[in-house]
$ cat final10.cif   # mmCIF, C-alpha atoms; chains and numbers go by the auth columns
data_query
loop_
_atom_site.group_PDB
_atom_site.id
_atom_site.type_symbol
_atom_site.label_atom_id
_atom_site.label_comp_id
_atom_site.label_asym_id
_atom_site.label_seq_id
_atom_site.Cartn_x
_atom_site.Cartn_y
_atom_site.Cartn_z
_atom_site.B_iso_or_equiv
_atom_site.auth_seq_id
_atom_site.auth_asym_id
ATOM 1 C CA ARG A 1 19.494 20.144 41.043 0.00 939 A
ATOM 2 C CA ALA A 2 18.273 19.503 44.589 0.00 940 A
ATOM 3 C CA CYS A 3 17.916 23.239 45.274 0.00 941 A
ATOM 4 C CA VAL A 4 16.002 23.771 42.024 0.00 942 A
ATOM 5 C CA SER A 5 13.674 20.879 42.841 0.00 943 A
ATOM 6 C CA MET A 6 13.053 22.074 46.401 0.00 944 A
ATOM 7 C CA ALA A 7 12.481 25.658 45.251 0.00 945 A
ATOM 8 C CA ARG A 8 9.854 24.358 42.830 0.00 946 A
ATOM 9 C CA THR A 9 8.104 22.420 45.588 0.00 947 A
ATOM 10 C CA GLY A 10 8.431 25.082 48.263 0.00 948 A
ATOM 11 C CA GLY A 11 10.970 23.107 50.301 0.00 949 A
ATOM 12 C CA GLU A 12 13.186 24.384 53.079 0.00 950 A
ATOM 13 C CA CYS A 13 15.923 25.199 50.577 0.00 951 A
ATOM 14 C CA SER A 14 14.012 28.103 49.024 0.00 952 A
ATOM 15 C CA LEU A 15 15.712 30.930 47.133 0.00 953 A
ATOM 16 C CA SER A 16 15.017 33.357 49.965 0.00 954 A
ATOM 17 C CA VAL A 17 17.620 31.725 52.213 0.00 955 A
ATOM 18 C CA LEU A 18 20.330 31.332 49.552 0.00 956 A
ATOM 19 C CA PRO A 19 23.121 33.767 48.638 0.00 957 A
ATOM 20 C CA THR A 20 22.093 36.265 45.958 0.00 958 A
ATOM 21 C CA GLU A 21 24.401 34.884 43.246 0.00 959 A
ATOM 22 C CA LEU A 22 23.216 31.312 43.850 0.00 960 A
ATOM 23 C CA SER A 23 19.597 32.506 43.827 0.00 961 A
ATOM 24 C CA ARG A 24 20.251 34.210 40.493 0.00 962 A
ATOM 25 C CA PHE A 25 21.703 30.981 39.057 0.00 963 A
ATOM 26 C CA ILE A 26 18.829 28.797 40.275 0.00 964 A
ATOM 27 C CA ALA A 27 16.210 31.295 39.093 0.00 965 A
ATOM 28 C CA ALA A 28 17.468 30.843 35.549 0.00 966 A
ATOM 29 C CA PHE A 29 16.190 27.236 35.642 0.00 967 A
ATOM 30 C CA LEU A 30 12.697 28.158 36.823 0.00 968 A
ATOM 31 C CA ASP A 31 10.079 29.443 34.416 0.00 969 A
ATOM 32 C CA GLU A 32 7.539 32.085 35.403 0.00 970 A
ATOM 33 C CA PHE A 33 4.946 29.448 36.304 0.00 971 A
ATOM 34 C CA ASP A 34 7.369 27.730 38.704 0.00 972 A
ATOM 35 C CA LEU A 35 8.214 31.029 40.372 0.00 973 A
ATOM 36 C CA VAL A 36 4.599 32.103 40.807 0.00 974 A
ATOM 37 C CA VAL A 37 3.565 28.688 42.160 0.00 975 A
ATOM 38 C CA THR A 38 6.515 28.659 44.540 0.00 976 A
ATOM 39 C CA ALA A 39 5.679 32.156 45.748 0.00 977 A
ATOM 40 C CA SER A 40 2.097 31.040 46.415 0.00 978 A
ATOM 41 C CA THR A 41 2.866 27.783 48.235 0.00 979 A
ATOM 42 C CA SER A 42 6.076 28.314 50.153 0.00 980 A
ATOM 43 C CA PRO A 43 5.811 30.095 53.538 0.00 981 A
ATOM 44 C CA ARG A 44 9.384 31.263 53.141 0.00 982 A
ATOM 45 C CA TRP A 45 8.649 32.744 49.721 0.00 983 A
ATOM 46 C CA ARG A 46 5.728 34.719 51.097 0.00 984 A
ATOM 47 C CA VAL A 47 8.225 36.755 53.065 0.00 985 A
ATOM 48 C CA THR A 48 10.951 36.809 50.400 0.00 986 A
ATOM 49 C CA THR A 49 12.841 40.091 50.525 0.00 987 A
ATOM 50 C CA GLU A 50 12.282 42.854 48.000 0.00 988 A
ATOM 51 C CA GLU A 51 15.948 42.570 47.047 0.00 989 A
ATOM 52 C CA LEU A 52 15.516 38.989 45.883 0.00 990 A
ATOM 53 C CA TRP A 53 12.385 39.786 43.885 0.00 991 A
ATOM 54 C CA GLY A 54 14.418 42.521 42.218 0.00 992 A
ATOM 55 C CA VAL A 55 17.136 39.996 41.414 0.00 993 A
ATOM 56 C CA LEU A 56 14.582 37.601 39.917 0.00 994 A
ATOM 57 C CA TYR A 57 13.131 40.396 37.797 0.00 995 A
ATOM 58 C CA GLU A 58 16.558 41.301 36.463 0.00 996 A
ATOM 59 C CA CYS A 59 17.349 37.664 35.676 0.00 997 A
ATOM 60 C CA ARG A 60 14.173 37.341 33.663 0.00 998 A
ATOM 61 C CA TRP A 61 13.629 40.662 31.954 0.00 999 A
ATOM 62 C CA LEU A 62 16.415 43.221 32.339 0.00 1000 A
ATOM 63 C CA ARG A 63 17.782 42.220 28.902 0.00 1001 A
ATOM 64 C CA SER A 64 14.363 41.481 27.392 0.00 1002 A
ATOM 65 C CA LEU A 65 13.278 42.902 24.047 0.00 1003 A
ATOM 66 C CA PHE A 66 10.203 44.272 25.839 0.00 1004 A
ATOM 67 C CA ARG A 67 9.407 46.374 28.891 0.00 1005 A
ATOM 68 C CA MET A 68 6.161 47.297 30.594 0.00 1006 A
ATOM 69 C CA GLN A 69 4.474 50.375 29.123 0.00 1007 A
ATOM 70 C CA ILE A 70 3.340 51.487 32.558 0.00 1008 A
ATOM 71 C CA HIS A 71 5.497 51.410 35.662 0.00 1009 A
ATOM 72 C CA ASN A 72 4.203 52.618 38.992 0.00 1010 A
ATOM 73 C CA PRO A 73 7.065 53.651 41.324 0.00 1011 A
ATOM 74 C CA HIS A 74 4.893 52.578 44.254 0.00 1012 A
ATOM 75 C CA TRP A 75 4.807 48.942 43.086 0.00 1013 A
ATOM 76 C CA SER A 76 6.888 46.607 45.206 0.00 1014 A
ATOM 77 C CA ALA A 77 9.518 44.483 43.452 0.00 1015 A
ATOM 78 C CA ARG A 78 7.283 41.456 43.961 0.00 1016 A
ATOM 79 C CA GLU A 79 4.276 43.207 42.433 0.00 1017 A
ATOM 80 C CA GLN A 80 6.371 44.380 39.499 0.00 1018 A
ATOM 81 C CA PHE A 81 7.520 40.801 38.932 0.00 1019 A
ATOM 82 C CA ALA A 82 3.950 39.441 39.128 0.00 1020 A
ATOM 83 C CA ARG A 83 2.601 42.036 36.697 0.00 1021 A
ATOM 84 C CA ARG A 84 5.380 41.271 34.195 0.00 1022 A
ATOM 85 C CA CYS A 85 4.595 37.540 34.437 0.00 1023 A
ATOM 86 C CA ILE A 86 0.995 38.032 33.297 0.00 1024 A
ATOM 87 C CA ALA A 87 1.630 40.912 30.893 0.00 1025 A
ATOM 88 C CA LYS A 88 -0.114 40.765 27.533 0.00 1026 A
ATOM 89 C CA ARG A 89 1.318 42.127 24.308 0.00 1027 A
ATOM 90 C CA ARG A 90 -0.643 45.371 24.673 0.00 1028 A
ATOM 91 C CA ASP A 91 1.042 45.913 28.059 0.00 1029 A
ATOM 92 C CA LEU A 92 4.524 45.858 26.544 0.00 1030 A
ATOM 93 C CA VAL A 93 6.651 48.179 24.431 0.00 1031 A
ATOM 94 C CA VAL A 94 9.619 47.197 22.249 0.00 1032 A
ATOM 95 C CA MET A 95 13.026 48.318 23.472 0.00 1033 A
ATOM 96 C CA GLY A 96 15.447 49.623 20.865 0.00 1034 A
ATOM 97 C CA SER A 97 18.236 47.052 20.814 0.00 1035 A
ATOM 98 C CA THR A 98 20.807 45.144 18.770 0.00 1036 A
ATOM 99 C CA TRP A 99 21.028 41.342 18.768 0.00 1037 A
ATOM 100 C CA ALA A 100 23.504 38.816 17.396 0.00 1038 A
ATOM 101 C CA VAL A 101 21.952 36.214 15.086 0.00 1039 A
ATOM 102 C CA ARG A 102 23.182 32.662 14.704 0.00 1040 A
ATOM 103 C CA GLY A 103 21.511 29.528 13.466 0.00 1041 A
ATOM 104 C CA ARG A 104 20.796 27.476 10.397 0.00 1042 A
ATOM 105 C CA THR A 105 18.358 26.709 7.634 0.00 1043 A
ATOM 106 C CA ARG A 106 17.686 23.345 6.018 0.00 1044 A
ATOM 107 C CA ASP A 107 16.524 22.758 2.441 0.00 1045 A
ATOM 108 C CA ARG A 108 16.694 19.998 -0.154 0.00 1046 A
ATOM 109 C CA LYS A 109 20.361 20.770 -0.821 0.00 1047 A
ATOM 110 C CA GLY A 110 21.408 20.431 2.811 0.00 1048 A
ATOM 111 C CA GLN A 111 22.205 22.869 5.588 0.00 1049 A
ATOM 112 C CA VAL A 112 23.189 26.539 5.638 0.00 1050 A
ATOM 113 C CA SER A 113 24.683 28.268 8.687 0.00 1051 A
ATOM 114 C CA THR A 114 23.742 31.889 9.383 0.00 1052 A
ATOM 115 C CA GLU A 115 25.223 34.693 11.464 0.00 1053 A
ATOM 116 C CA GLY A 116 24.725 38.435 11.610 0.00 1054 A
ATOM 117 C CA THR A 117 23.038 41.241 13.543 0.00 1055 A
ATOM 118 C CA ILE A 118 19.402 42.250 13.963 0.00 1056 A
ATOM 119 C CA ASN A 119 18.084 45.637 15.093 0.00 1057 A
ATOM 120 C CA PHE A 120 14.776 46.590 16.705 0.00 1058 A
ATOM 121 C CA LYS A 121 13.668 50.221 16.847 0.00 1059 A
ATOM 122 C CA HIS A 122 12.375 51.613 20.139 0.00 1060 A
ATOM 123 C CA GLY A 123 8.583 51.697 20.311 0.00 1061 A
ATOM 124 C CA SER A 124 8.230 50.087 16.888 0.00 1062 A
ATOM 125 C CA LEU A 125 7.334 46.576 15.725 0.00 1063 A
ATOM 126 C CA ALA A 126 9.724 46.834 12.771 0.00 1064 A
ATOM 127 C CA MET A 127 13.058 45.065 12.562 0.00 1065 A
ATOM 128 C CA ARG A 128 16.014 45.094 10.167 0.00 1066 A
ATOM 129 C CA ALA A 129 18.953 42.701 9.911 0.00 1067 A
ATOM 130 C CA SER A 130 22.049 41.929 7.928 0.00 1068 A
ATOM 131 C CA VAL A 131 23.236 38.305 7.839 0.00 1069 A
ATOM 132 C CA LEU A 132 25.733 36.068 6.103 0.00 1070 A
ATOM 133 C CA HIS A 133 24.692 32.599 4.911 0.00 1071 A
ATOM 134 C CA THR A 134 27.344 29.894 4.493 0.00 1072 A
ATOM 135 C CA ARG A 135 26.588 26.641 2.673 0.00 1073 A
ATOM 136 C CA VAL A 136 29.071 23.781 2.705 0.00 1074 A
ATOM 137 C CA LEU A 137 28.638 21.072 0.072 0.00 1075 A
ATOM 138 C CA GLN A 138 30.618 17.843 -0.064 0.00 1076 A
ATOM 139 C CA ASP A 139 33.915 18.272 -1.949 0.00 1077 A
ATOM 140 C CA VAL A 140 33.042 21.923 -2.681 0.00 1078 A
ATOM 141 C CA ASN A 141 34.356 25.098 -1.081 0.00 1079 A
ATOM 142 C CA ALA A 142 31.977 26.964 1.208 0.00 1080 A
ATOM 143 C CA SER A 143 29.553 29.240 -0.599 0.00 1081 A
ATOM 144 C CA LYS A 144 28.834 32.549 1.187 0.00 1082 A
ATOM 145 C CA ARG A 145 25.984 34.911 0.440 0.00 1083 A
ATOM 146 C CA GLN A 146 25.050 38.225 2.038 0.00 1084 A
ATOM 147 C CA ALA A 147 21.376 38.806 2.846 0.00 1085 A
ATOM 148 C CA TRP A 148 19.172 41.530 4.314 0.00 1086 A
ATOM 149 C CA TRP A 149 16.041 41.076 6.422 0.00 1087 A
ATOM 150 C CA LYS A 150 13.056 43.401 6.713 0.00 1088 A
ATOM 151 C CA GLY A 151 10.113 42.449 8.890 0.00 1089 A
ATOM 152 C CA ASN A 152 8.030 43.044 11.987 0.00 1090 A
ATOM 153 C CA LEU A 153 6.739 41.620 15.233 0.00 1091 A
ATOM 154 C CA CYS A 154 3.130 40.450 15.368 0.00 1092 A
ATOM 155 C CA ALA A 155 0.797 38.201 17.360 0.00 1093 A
ATOM 156 C CA HIS A 156 1.389 34.459 17.436 0.00 1094 A
ATOM 157 C CA ILE A 157 -2.121 33.146 16.846 0.00 1095 A
ATOM 158 C CA VAL A 158 -3.062 29.516 17.434 0.00 1096 A
ATOM 159 C CA PRO A 159 -6.501 27.897 16.844 0.00 1097 A
ATOM 160 C CA GLY A 160 -8.588 28.146 19.999 0.00 1098 A
ATOM 161 C CA GLY A 161 -5.761 29.969 21.763 0.00 1099 A
ATOM 162 C CA CYS A 162 -4.954 33.535 22.652 0.00 1100 A
ATOM 163 C CA LYS A 163 -2.659 36.248 21.297 0.00 1101 A
ATOM 164 C CA ARG A 164 -0.409 36.629 24.335 0.00 1102 A
ATOM 165 C CA ARG A 165 2.719 35.328 22.585 0.00 1103 A
ATOM 166 C CA TRP A 166 4.841 37.053 19.955 0.00 1104 A
ATOM 167 C CA ALA A 167 5.748 36.032 16.418 0.00 1105 A
ATOM 168 C CA LEU A 168 8.299 37.490 14.038 0.00 1106 A
ATOM 169 C CA GLY A 169 7.987 37.483 10.283 0.00 1107 A
ATOM 170 C CA TRP A 170 10.299 38.904 7.641 0.00 1108 A
ATOM 171 C CA SER A 171 11.313 38.877 3.987 0.00 1109 A
ATOM 172 C CA GLU A 172 14.901 38.239 2.970 0.00 1110 A
ATOM 173 C CA ARG A 173 16.671 39.661 -0.032 0.00 1111 A
ATOM 174 C CA GLN A 174 19.892 37.919 -1.040 0.00 1112 A
ATOM 175 C CA GLU A 175 22.592 39.343 -3.244 0.00 1113 A
ATOM 176 C CA ASP A 176 22.389 38.151 -6.863 0.00 1114 A
ATOM 177 C CA THR A 177 19.044 36.408 -6.206 0.00 1115 A
ATOM 178 C CA VAL A 178 15.674 37.190 -7.793 0.00 1116 A
ATOM 179 C CA GLY A 179 12.664 37.433 -5.481 0.00 1117 A
ATOM 180 C CA CYS A 180 12.489 37.263 -1.692 0.00 1118 A
ATOM 181 C CA PHE A 181 12.516 34.464 0.848 0.00 1119 A
ATOM 182 C CA VAL A 182 9.802 34.694 3.512 0.00 1120 A
ATOM 183 C CA TYR A 183 10.245 33.535 7.124 0.00 1121 A
ATOM 184 C CA CYS A 184 7.797 33.409 10.032 0.00 1122 A
ATOM 185 C CA GLY A 185 7.745 31.739 13.444 0.00 1123 A
ATOM 186 C CA GLU A 186 6.941 32.096 17.134 0.00 1124 A
ATOM 187 C CA LEU A 187 9.451 34.204 19.049 0.00 1125 A
ATOM 188 C CA LEU A 188 10.349 32.700 22.426 0.00 1126 A
ATOM 189 C CA GLU A 189 12.198 34.697 25.083 0.00 1127 A
ATOM 190 C CA HIS A 190 14.629 33.199 27.590 0.00 1128 A
ATOM 191 C CA ALA A 191 16.396 34.649 30.608 0.00 1129 A
ATOM 192 C CA GLY A 192 19.627 36.547 30.128 0.00 1130 A
ATOM 193 C CA GLY A 193 18.822 38.346 26.880 0.00 1131 A
ATOM 194 C CA GLN A 194 18.297 35.410 24.557 0.00 1132 A
ATOM 195 C CA MET A 195 15.478 34.574 22.154 0.00 1133 A
ATOM 196 C CA GLU A 196 14.838 31.714 19.752 0.00 1134 A
ATOM 197 C CA ILE A 197 12.673 31.323 16.685 0.00 1135 A
ATOM 198 C CA SER A 198 12.015 28.463 14.278 0.00 1136 A
ATOM 199 C CA GLY A 199 9.611 27.610 11.499 0.00 1137 A
ATOM 200 C CA PRO A 200 9.262 27.232 7.742 0.00 1138 A
ATOM 201 C CA PHE A 201 10.523 29.545 5.012 0.00 1139 A
ATOM 202 C CA SER A 202 9.377 29.928 1.428 0.00 1140 A
ATOM 203 C CA TRP A 203 10.381 31.503 -1.881 0.00 1141 A
ATOM 204 C CA LEU A 204 7.865 32.907 -4.358 0.00 1142 A
ATOM 205 C CA GLY A 205 5.092 31.182 -2.405 0.00 1143 A
ATOM 206 C CA ARG A 206 6.734 27.764 -2.484 0.00 1144 A
ATOM 207 C CA SER A 207 7.965 25.979 0.645 0.00 1145 A
ATOM 208 C CA ARG A 208 11.758 25.702 0.603 0.00 1146 A
ATOM 209 C CA GLY A 209 12.681 24.375 4.053 0.00 1147 A
ATOM 210 C CA THR A 210 12.931 25.183 7.751 0.00 1148 A
ATOM 211 C CA PHE A 211 14.985 27.536 9.922 0.00 1149 A
ATOM 212 C CA GLU A 212 16.250 27.733 13.520 0.00 1150 A
ATOM 213 C CA PHE A 213 17.787 30.964 14.836 0.00 1151 A
ATOM 214 C CA ILE A 214 19.037 32.207 18.202 0.00 1152 A
ATOM 215 C CA PHE A 215 19.122 35.930 19.006 0.00 1153 A
ATOM 216 C CA GLU A 216 21.458 37.182 21.770 0.00 1154 A
ATOM 217 C CA ARG A 217 21.319 40.777 22.975 0.00 1155 A
ATOM 218 C CA MET A 218 24.536 42.691 22.329 0.00 1156 A
ATOM 219 C CA ASP A 219 23.873 46.143 23.791 0.00 1157 A
ATOM 220 C CA SER A 220 23.378 47.241 27.374 0.00 1158 A
ATOM 221 C CA ALA A 221 19.807 47.075 28.642 0.00 1159 A
ATOM 222 C CA VAL A 222 18.257 50.145 30.239 0.00 1160 A
ATOM 223 C CA HIS A 223 14.662 49.543 31.407 0.00 1161 A
#
$ encode --input "final10.cif" --output "C-alpha cells"
Amino acid sequence: RACVSMARTGGECSLSVLPTELSRFIAAFLDEFDLVVTASTSPRWRVTTEELWGVLYECRWLRSLFRMQIHNPHWSAREQFARRCIAKRRDLVVMGSTWAVRGRTRDRKGQVSTEGTINFKHGSLAMRASVLHTRVLQDVNASKRQAWWKGNLCAHIVPGGCKRRWALGWSERQEDTVGCFVYCGELLEHAGGQMEISGPFSWLGRSRGTFEFIFERMDSAVH
C-alpha cells in the first residue's frame, strides 16, 4: 500500500527503482490517470526505462479486447503507452478472442447465476455467446436453461459527454422461450484480460431486471 501511494504521488519509492515483478503487481492498482500523472510529476519516472514502460503496457493491454489500429515501430515504449492511454474508439480495432462469462441477473423472482463463453470476431463489432442460466428457488431444485447471445459493440453515449467509452448490447434467445431478452450496458476494461458490464435487461419491451457480468479472456493474446 505504501509503494502504491508513493508511486501515485511521485515519491522516492517509484516503480522505476522496484523489481520488475513488483512493479507489475503495483501497476495493476494504478489506473491510466495515476500512471500519466506520476510520469509527469516524478523526476524518477521521467527517466523510467523502456523495459518498465513495456511491462506497464503489457499489464494494461496485452490481453485487452482492443489494440491500436496504427503502430509505428519507431515509437518508444513510453510513447506507445501514452498513445494507448488517450486512444479513442476510432483508434482501436477489435481482437478476435474468446472470453469466459460469469455473473448474475436479478428479477422479481430472485437471482439467476450465469456462466458460458463469448466470442468476438477480429476486426468486427459483432459478438456471439452461449451461456447457461441457473435459477435456484427455495425448496425447489435448480432450474437450468441454455441461452444464446447475439449482439455488437457500440459507443457508450452519455448526455453532455463524449463517445470514448464502449458499450455492448445483445439479444438473448432462450430454449423453450418465446421472444428475446435484450441487454445493454457500458463495457469496462480492467488489467489482466478482464472486463465487466452491468445494466438493465428487458423482454418484449418491458423491463425485467438487472444484470452483472464479468468477462475473462481465455485465449492467448497476440498484439
$ resolve_selection --input "final10.cif" --expression "the PyMOL selection byres ((chain A and resi 1112) around 7)" --output "VMD selection string"
chain A and resid 1083 to 1086 1110 to 1111 1113 to 1115
$ atom_distance --input "final10.cif" --atom1 "CA of Arg1066 in chain A" --atom2 "CA of Arg1021 in chain A"
29.9 Å
$ atom_distance --input "final10.cif" --atom1 "CA of Cys997 in chain A" --atom2 "CA of Ser1035 in chain A"
17.6 Å
$ residues_around --input "final10.cif" --residues "Thr1148 in chain A" --least-positions-apart "5" --cutoff "6 Å" --atoms "only C-alpha atoms" --output "list in words"
Thr1043, Arg1044, Gly1137, Pro1138 and Phe1139 of chain A
$ residues_around --input "final10.cif" --residues "Gly1143 in chain A" --least-positions-apart "2" --cutoff "9 Å" --atoms "only C-alpha atoms" --output "list in words"
Phe1119, Val1120, Ser1140, Trp1141 and Ser1145 of chain A
$ atom_distance --input "final10.cif" --atom1 "CA of His1060 in chain A" --atom2 "CA of Arg1042 in chain A"
27.4 Å
